[in-house]
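Participant: Input run30.tsv, format and content: TSV, C-alpha atoms.
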```tsv
chain	number	residue	atom	x	y	z
A	1	MET	CA	-47.52	-65.14	30.02
A	2	LYS	CA	-46.29	-61.75	31.26
A	3	ARG	CA	-43.95	-61.92	34.25
A	4	ILE	CA	-42.32	-59.33	36.51
A	5	LEU	CA	-39.22	-59.72	38.68
A	6	ILE	CA	-38.33	-57.31	41.48
A	7	LEU	CA	-34.94	-57.87	43.09
A	8	SER	CA	-32.78	-55.89	45.46
A	9	CYS	CA	-29.54	-54.30	44.39
A	10	SER	CA	-26.30	-56.04	45.37
A	11	ARG	CA	-23.24	-54.89	47.27
A	12	ARG	CA	-21.05	-56.24	44.49
A	13	LYS	CA	-21.02	-53.85	41.53
A	14	ARG	CA	-18.99	-53.41	38.39
A	15	ALA	CA	-16.65	-50.46	38.81
A	16	ASP	CA	-16.80	-49.32	35.16
A	17	THR	CA	-16.84	-45.56	34.77
A	18	GLY	CA	-19.82	-43.90	33.16
A	19	LEU	CA	-23.29	-45.44	33.14
A	20	LEU	CA	-24.34	-49.10	32.88
A	21	PRO	CA	-27.83	-50.65	32.83
A	22	ALA	CA	-28.76	-51.62	36.39
A	23	ILE	CA	-28.74	-55.37	35.69
A	24	GLU	CA	-25.22	-54.99	34.29
A	25	ARG	CA	-23.95	-52.65	37.03
A	26	TYR	CA	-25.00	-54.96	39.88
A	27	ASP	CA	-22.93	-58.14	39.89
A	28	GLY	CA	-24.21	-60.24	42.79
A	29	PRO	CA	-25.29	-63.88	42.29
A	30	ALA	CA	-28.94	-63.04	41.55
A	31	PHE	CA	-27.92	-60.68	38.76
A	32	ARG	CA	-25.60	-63.27	37.25
A	33	VAL	CA	-28.43	-65.80	37.20
A	34	LEU	CA	-30.75	-63.19	35.67
A	35	ARG	CA	-28.27	-62.13	32.98
A	36	ARG	CA	-27.62	-65.72	31.97
A	37	PHE	CA	-31.36	-66.31	31.67
A	38	LEU	CA	-31.90	-63.16	29.61
A	39	ARG	CA	-29.13	-64.11	27.18
A	40	GLN	CA	-31.14	-67.21	26.25
A	41	ALA	CA	-34.71	-66.02	26.74
A	42	PRO	CA	-36.97	-64.12	24.31
A	43	ALA	CA	-36.67	-60.33	24.57
A	44	ASP	CA	-40.12	-60.05	26.15
A	45	ALA	CA	-39.66	-62.94	28.61
A	46	LEU	CA	-40.12	-60.71	31.65
A	47	ASP	CA	-39.95	-57.19	33.02
A	48	SER	CA	-37.22	-56.73	35.63
A	49	PHE	CA	-36.99	-53.98	38.26
A	50	VAL	CA	-34.35	-53.30	40.89
A	51	LEU	CA	-34.90	-51.89	44.35
A	52	SER	CA	-31.88	-49.66	44.95
A	53	ALA	CA	-30.93	-48.12	48.27
A	54	ARG	CA	-29.97	-44.96	46.41
A	55	PHE	CA	-32.41	-44.76	43.49
A	56	GLY	CA	-35.50	-46.55	44.78
A	57	LEU	CA	-37.36	-48.78	42.33
A	58	ILE	CA	-35.84	-48.59	38.84
A	59	PRO	CA	-36.23	-50.60	35.61
A	60	GLY	CA	-33.52	-53.19	35.11
A	61	ASN	CA	-32.35	-51.44	31.94
A	62	GLN	CA	-32.00	-47.99	33.54
A	63	PRO	CA	-28.44	-46.66	33.21
A	64	ILE	CA	-26.83	-45.92	36.59
A	65	PRO	CA	-23.34	-44.93	37.79
A	66	ALA	CA	-21.11	-46.80	40.21
A	67	TYR	CA	-22.00	-45.90	43.80
A	68	ASP	CA	-21.93	-47.15	47.37
A	69	HIS	CA	-25.12	-46.73	49.39
A	70	GLN	CA	-26.30	-49.23	52.00
A	71	MET	CA	-29.95	-50.12	52.58
A	72	THR	CA	-30.87	-49.55	56.22
A	73	ARG	CA	-34.19	-49.90	58.03
A	74	TYR	CA	-34.46	-46.10	58.08
A	75	ARG	CA	-33.81	-45.84	54.34
A	76	ALA	CA	-36.31	-48.65	53.61
A	77	HIS	CA	-39.04	-46.84	55.57
A	78	GLU	CA	-38.10	-43.61	53.81
A	79	LEU	CA	-38.52	-45.25	50.40
A	80	GLN	CA	-41.63	-47.26	51.28
A	81	PRO	CA	-44.41	-44.84	50.18
A	82	GLU	CA	-42.85	-44.21	46.79
A	83	VAL	CA	-41.78	-47.80	46.16
A	84	SER	CA	-45.01	-49.50	47.23
A	85	THR	CA	-47.02	-47.06	45.10
A	86	ALA	CA	-44.80	-47.71	42.07
A	87	VAL	CA	-45.14	-51.50	42.45
A	88	SER	CA	-48.90	-51.23	42.93
A	89	THR	CA	-49.16	-49.18	39.74
A	90	LEU	CA	-47.17	-51.75	37.79
A	91	LEU	CA	-49.33	-54.60	39.05
A	92	THR	CA	-52.63	-52.88	38.34
A	93	THR	CA	-51.78	-51.55	34.87
A	94	ARG	CA	-49.74	-54.27	33.18
A	95	ASN	CA	-51.74	-57.45	33.86
A	96	TYR	CA	-48.83	-59.62	35.00
A	97	THR	CA	-49.55	-63.30	35.45
A	98	ALA	CA	-46.52	-63.99	37.69
A	99	LEU	CA	-44.47	-61.96	40.15
A	100	CYS	CA	-41.20	-62.88	41.84
A	101	VAL	CA	-39.76	-60.76	44.67
A	102	CYS	CA	-36.12	-61.57	45.41
A	103	MET	CA	-34.64	-59.71	48.37
A	104	GLY	CA	-33.80	-59.82	52.05
A	105	HIS	CA	-35.86	-58.60	54.99
A	106	THR	CA	-34.56	-55.02	55.16
A	107	TYR	CA	-35.21	-54.36	51.49
A	108	SER	CA	-38.67	-55.92	51.71
A	109	MET	CA	-39.67	-53.23	54.22
A	110	ALA	CA	-39.73	-50.76	51.33
A	111	LEU	CA	-42.37	-52.87	49.58
A	112	GLN	CA	-44.85	-53.05	52.44
A	113	GLY	CA	-48.38	-52.58	51.16
A	114	TYR	CA	-47.79	-53.56	47.54
A	115	ASP	CA	-49.54	-56.91	48.02
A	116	ARG	CA	-52.94	-55.21	48.23
A	117	SER	CA	-52.69	-54.64	44.47
A	118	ILE	CA	-52.05	-58.27	43.54
A	119	GLY	CA	-54.92	-59.65	41.47
A	120	ASN	CA	-56.36	-63.13	41.65
A	121	THR	CA	-54.73	-64.06	38.35
A	122	THR	CA	-51.19	-63.18	39.46
A	123	SER	CA	-49.09	-65.90	41.09
A	124	VAL	CA	-46.52	-64.68	43.61
A	125	THR	CA	-43.13	-66.21	44.45
A	126	ILE	CA	-40.97	-64.85	47.27
A	127	ALA	CA	-37.26	-65.64	47.01
A	128	ALA	CA	-35.90	-65.05	50.52
A	129	GLY	CA	-33.91	-66.74	53.29
A	130	THR	CA	-30.27	-67.72	52.95
A	131	ILE	CA	-28.47	-66.65	49.78
A	132	GLY	CA	-28.48	-70.26	48.60
A	133	LYS	CA	-32.21	-70.64	49.08
A	134	MET	CA	-32.86	-67.26	47.48
A	135	ILE	CA	-30.84	-68.09	44.37
A	136	ALA	CA	-32.43	-71.53	44.06
A	137	THR	CA	-35.93	-70.04	44.24
A	138	LEU	CA	-35.06	-67.34	41.69
A	139	TYR	CA	-33.49	-69.88	39.34
A	140	ASP	CA	-36.51	-72.18	39.50
A	141	TRP	CA	-38.92	-69.29	38.91
A	142	LEU	CA	-37.00	-67.93	35.93
A	143	TYR	CA	-36.74	-71.27	34.16
A	144	GLN	CA	-40.13	-72.68	35.14
A	145	GLY	CA	-42.04	-73.70	32.04
A	146	THR	CA	-39.12	-72.97	29.69
A	147	ALA	CA	-36.96	-75.27	27.62
A	148	LEU	CA	-33.83	-73.26	28.35
A	149	HIS	CA	-30.75	-75.08	29.58
A	150	VAL	CA	-28.04	-73.62	31.78
A	151	ALA	CA	-24.66	-75.35	31.68
A	152	ASN	CA	-23.14	-76.73	34.83
A	153	THR	CA	-20.19	-74.39	35.53
A	154	LEU	CA	-18.44	-76.37	38.23
A	155	GLY	CA	-18.80	-80.03	37.36
A	156	SER	CA	-19.39	-82.21	34.35
A	157	ARG	CA	-21.97	-84.49	36.00
A	158	PRO	CA	-25.38	-82.83	36.39
A	159	TYR	CA	-27.28	-83.85	39.50
A	160	HIS	CA	-31.05	-84.02	39.85
A	161	GLY	CA	-32.66	-84.64	43.21
A	162	SER	CA	-31.99	-83.87	46.84
A	163	VAL	CA	-28.65	-83.99	48.66
A	164	GLN	CA	-28.70	-84.25	52.44
A	165	LEU	CA	-26.29	-83.45	55.24
A	166	ARG	CA	-27.09	-83.68	58.94
A	167	GLY	CA	-30.81	-83.90	58.19
A	168	ILE	CA	-30.81	-80.80	55.97
A	169	ALA	CA	-31.62	-81.22	52.29
A	170	THR	CA	-30.74	-79.08	49.29
A	171	THR	CA	-31.69	-79.25	45.62
A	172	LEU	CA	-29.17	-76.65	44.45
A	173	THR	CA	-27.50	-77.26	41.11
A	174	ALA	CA	-23.75	-76.87	40.79
A	175	GLU	CA	-24.27	-73.46	39.20
A	176	GLN	CA	-26.40	-72.31	42.13
A	177	VAL	CA	-23.70	-73.55	44.51
A	178	PHE	CA	-21.20	-71.45	42.56
A	179	MET	CA	-23.40	-68.36	42.92
A	180	THR	CA	-23.82	-68.96	46.66
A	181	ALA	CA	-20.09	-69.46	47.17
A	182	GLN	CA	-19.14	-66.40	45.14
A	183	GLN	CA	-21.45	-64.24	47.24
A	184	ALA	CA	-19.83	-65.65	50.40
A	185	LEU	CA	-16.36	-64.92	49.01
A	186	ASP	CA	-17.36	-61.38	48.10
A	187	GLU	CA	-18.60	-60.81	51.64
A	188	GLY	CA	-15.51	-62.39	53.23
A	189	ARG	CA	-17.46	-65.01	55.14
A	190	ASP	CA	-15.55	-67.40	57.39
A	191	HIS	CA	-12.28	-68.92	56.14
A	192	PRO	CA	-12.49	-70.32	52.60
A	193	ASP	CA	-8.73	-70.93	52.38
A	194	HIS	CA	-8.54	-73.20	55.44
A	195	TYR	CA	-7.91	-76.53	53.72
A	196	VAL	CA	-5.24	-79.20	54.16
A	197	ALA	CA	-5.39	-81.98	51.58
A	198	TRP	CA	-8.44	-81.25	49.44
A	199	TYR	CA	-9.72	-78.16	47.66
A	200	VAL	CA	-12.28	-76.96	45.11
A	201	GLN	CA	-11.31	-74.61	42.28
A	202	LEU	CA	-13.75	-71.72	42.37
A	203	ASN	CA	-13.40	-68.97	39.80
A	204	GLY	CA	-9.61	-69.14	39.90
A	205	GLN	CA	-9.42	-69.48	43.69
A	206	ARG	CA	-8.90	-72.59	45.79
A	207	VAL	CA	-11.43	-73.01	48.58
A	208	SER	CA	-11.96	-75.58	51.31
A	209	PRO	CA	-14.56	-78.27	50.51
A	210	LYS	CA	-15.87	-77.97	54.07
A	211	TRP	CA	-16.19	-74.20	53.75
A	212	LEU	CA	-18.08	-74.59	50.48
A	213	VAL	CA	-20.49	-77.13	51.96
A	214	SER	CA	-20.97	-74.97	55.07
A	215	GLN	CA	-22.20	-72.15	52.81
A	216	ILE	CA	-24.66	-74.47	51.07
A	217	PHE	CA	-26.24	-75.84	54.24
A	218	ALA	CA	-25.60	-72.92	56.64
A	219	LEU	CA	-23.86	-75.34	59.02
A	220	PRO	CA	-20.67	-74.77	61.03
A	221	VAL	CA	-17.72	-76.68	59.57
A	222	SER	CA	-17.27	-78.37	62.95
A	223	THR	CA	-20.53	-80.32	62.50
A	224	PHE	CA	-19.38	-82.50	59.58
A	225	THR	CA	-16.20	-84.08	58.22
A	226	THR	CA	-14.18	-83.55	55.07
A	227	SER	CA	-15.46	-86.93	53.87
A	228	ASP	CA	-19.02	-85.68	54.31
A	229	ALA	CA	-18.15	-82.57	52.30
A	230	ARG	CA	-16.54	-84.58	49.51
A	231	ARG	CA	-19.57	-86.87	49.30
A	232	VAL	CA	-21.99	-83.96	49.04
A	233	LEU	CA	-19.93	-82.17	46.42
A	234	ALA	CA	-19.53	-85.36	44.38
A	235	GLN	CA	-23.30	-85.81	44.38
A	236	LEU	CA	-23.67	-82.26	43.10
A	237	GLY	CA	-21.17	-82.92	40.31
A	238	ILE	CA	-18.49	-80.65	41.76
A	239	GLU	CA	-14.93	-81.86	41.45
A	240	VAL	CA	-12.77	-81.92	44.59
A	241	HIS	CA	-9.00	-81.89	43.96
A	242	ARG	CA	-6.21	-83.49	45.99
A	243	LEU	CA	-3.08	-81.49	46.82
```
Is it possible to give me this structure as structure tokens?
Facilitator:
Amino acid sequence: MKRILILSCSRRKRADTGLLPAIERYDGPAFRVLRRFLRQAPADALDSFVLSARFGLIPGNQPIPAYDHQMTRYRAHELQPEVSTAVSTLLTTRNYTALCVCMGHTYSMALQGYDRSIGNTTSVTIAAGTIGKMIATLYDWLYQGTALHVANTLGSRPYHGSVQLRGIATTLTAEQVFMTAQQALDEGRDHPDHYVAWYVQLNGQRVSPKWLVSQIFALPVSTFTTSDARRVLAQLGIEVHRL
């Protein structure tokens, strides 16, 4: 089975001087999930491409420098003819059986028109929405049909099933929660350090359990209690510490 992944570049990048392969240079949650998968997967498990605001569509192993260039609607429309043609060429010449597109709305504007080249034998998965939903979809697509195992990085008790809060359900693993939270920290969302008696240790930083749960469910912290947050995190196998 030949698969292709197309994902957008991330704001978070490694600052190393010189050149790094694109999937090493970009350091957002999706790229961390991808790198972990590739470390365990066969060398030919999939072809990965990155949609870069600066470089357009590039192979995941293409060396690139550190840079700062934001994707805007104007830039997406500017890139669209070249990018959609490149994707169409890939799809029509390499006989992929599965495609996953992982990116937000602005980036997806640069791909408009590529879908006309999708054959009947190619399944398509779109990883979009909130960062949590995007990472969950990407994770499931990468590992679908494989025997690979990814360790739980936040808790020792793996959870399988659905966790609910205020009528909203999630099936994120603890690792996917970590990726979601790290992205939120990188972007400076809300107030992760607003905690009183309880906290979660996240990559060397203490964060509020309510803040963490608010990132998972996209709910304001005012709509649930600390007890609710502790229950959800316990179900996900994430340890909450007492001051």
Participant: Between atom CA of A:Arg32 and atom CA of A:Tyr139, what distance in Å does the model show, to one decimal?
Facilitator: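 Interatomic distance here is 10.5 Å.
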Participant: Which residue, A:Leu212, A:Val124, A:Leu172, A:Leu38, has the smallest gap to A:Asp140 when you use only C-alpha atoms?
Facilitator: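 Ranked by minimum distance to A:Asp140, first place goes to A:Leu172.
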Participant: Nearest residue to A:Gln112 out of A:Val83, A:Ala53, A:Ala22, A:Met134, using only C-alpha atoms?
Facilitator: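 Looking at the shortest contact to A:Gln112, the residue is A:Val83.
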Participant: Is it possible to get the residues within 8 Å of (-37.0, -53.5, 32.7) (coordinates as in the file, counting all atoms listed in the file) written as a VMD selection string?
Facilitator: chain A and resid 46 to 49 58 to 62
Participant: Tell me which of A:Asp115, A:Pro29, A:Leu79, A:Arg14 sits closest to A:Phe178, counting all atoms listed in the file.
Facilitator: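 Looking at the shortest contact to A:Phe178, the residue is A:Pro29.
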Participant: Could you model N, CA and C atoms for stretch 184-196 of chain A and present them as an mmCIF file, in the coordinates of the input?
Facilitator:
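Result saved to part-v7.cif:
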```cif
data_model
loop_
_atom_site.group_PDB
_atom_site.id
_atom_site.type_symbol
_atom_site.label_atom_id
_atom_site.label_comp_id
_atom_site.auth_asym_id
_atom_site.auth_seq_id
_atom_site.Cartn_x
_atom_site.Cartn_y
_atom_site.Cartn_z
ATOM 1 N N ALA A 184 -20.514 -65.503 49.116
ATOM 2 C CA ALA A 184 -19.830 -65.650 50.400
ATOM 3 C C ALA A 184 -18.392 -65.143 50.320
ATOM 4 N N LEU A 185 -17.721 -65.421 49.196
ATOM 5 C CA LEU A 185 -16.360 -64.920 49.010
ATOM 6 C C LEU A 185 -16.343 -63.397 48.948
ATOM 7 N N ASP A 186 -17.297 -62.831 48.232
ATOM 8 C CA ASP A 186 -17.360 -61.380 48.100
ATOM 9 C C ASP A 186 -17.553 -60.705 49.454
ATOM 10 N N GLU A 187 -18.299 -61.378 50.336
ATOM 11 C CA GLU A 187 -18.600 -60.810 51.640
ATOM 12 C C GLU A 187 -17.570 -61.195 52.700
ATOM 13 N N GLY A 188 -16.570 -62.014 52.299
ATOM 14 C CA GLY A 188 -15.510 -62.390 53.230
ATOM 15 C C GLY A 188 -15.978 -63.276 54.367
ATOM 16 N N ARG A 189 -16.917 -64.163 54.082
ATOM 17 C CA ARG A 189 -17.460 -65.010 55.140
ATOM 18 C C ARG A 189 -16.508 -66.129 55.527
ATOM 19 N N ASP A 190 -16.289 -66.285 56.811
ATOM 20 C CA ASP A 190 -15.550 -67.400 57.390
ATOM 21 C C ASP A 190 -14.143 -67.503 56.790
ATOM 22 N N HIS A 191 -13.668 -68.740 56.558
ATOM 23 C CA HIS A 191 -12.280 -68.920 56.140
ATOM 24 C C HIS A 191 -12.221 -69.895 54.961
ATOM 25 N N PRO A 192 -12.449 -69.422 53.761
ATOM 26 C CA PRO A 192 -12.490 -70.320 52.600
ATOM 27 C C PRO A 192 -11.161 -70.994 52.283
ATOM 28 N N ASP A 193 -10.051 -70.392 52.720
ATOM 29 C CA ASP A 193 -8.730 -70.930 52.380
ATOM 30 C C ASP A 193 -8.183 -71.881 53.439
ATOM 31 N N HIS A 194 -8.990 -72.275 54.414
ATOM 32 C CA HIS A 194 -8.540 -73.200 55.440
ATOM 33 C C HIS A 194 -8.763 -74.650 54.975
ATOM 34 N N TYR A 195 -7.842 -75.148 54.172
ATOM 35 C CA TYR A 195 -7.910 -76.530 53.720
ATOM 36 C C TYR A 195 -6.529 -77.153 53.887
ATOM 37 N N VAL A 196 -6.495 -78.489 53.934
ATOM 38 C CA VAL A 196 -5.240 -79.200 54.160
ATOM 39 C C VAL A 196 -4.867 -80.067 52.960
#
```
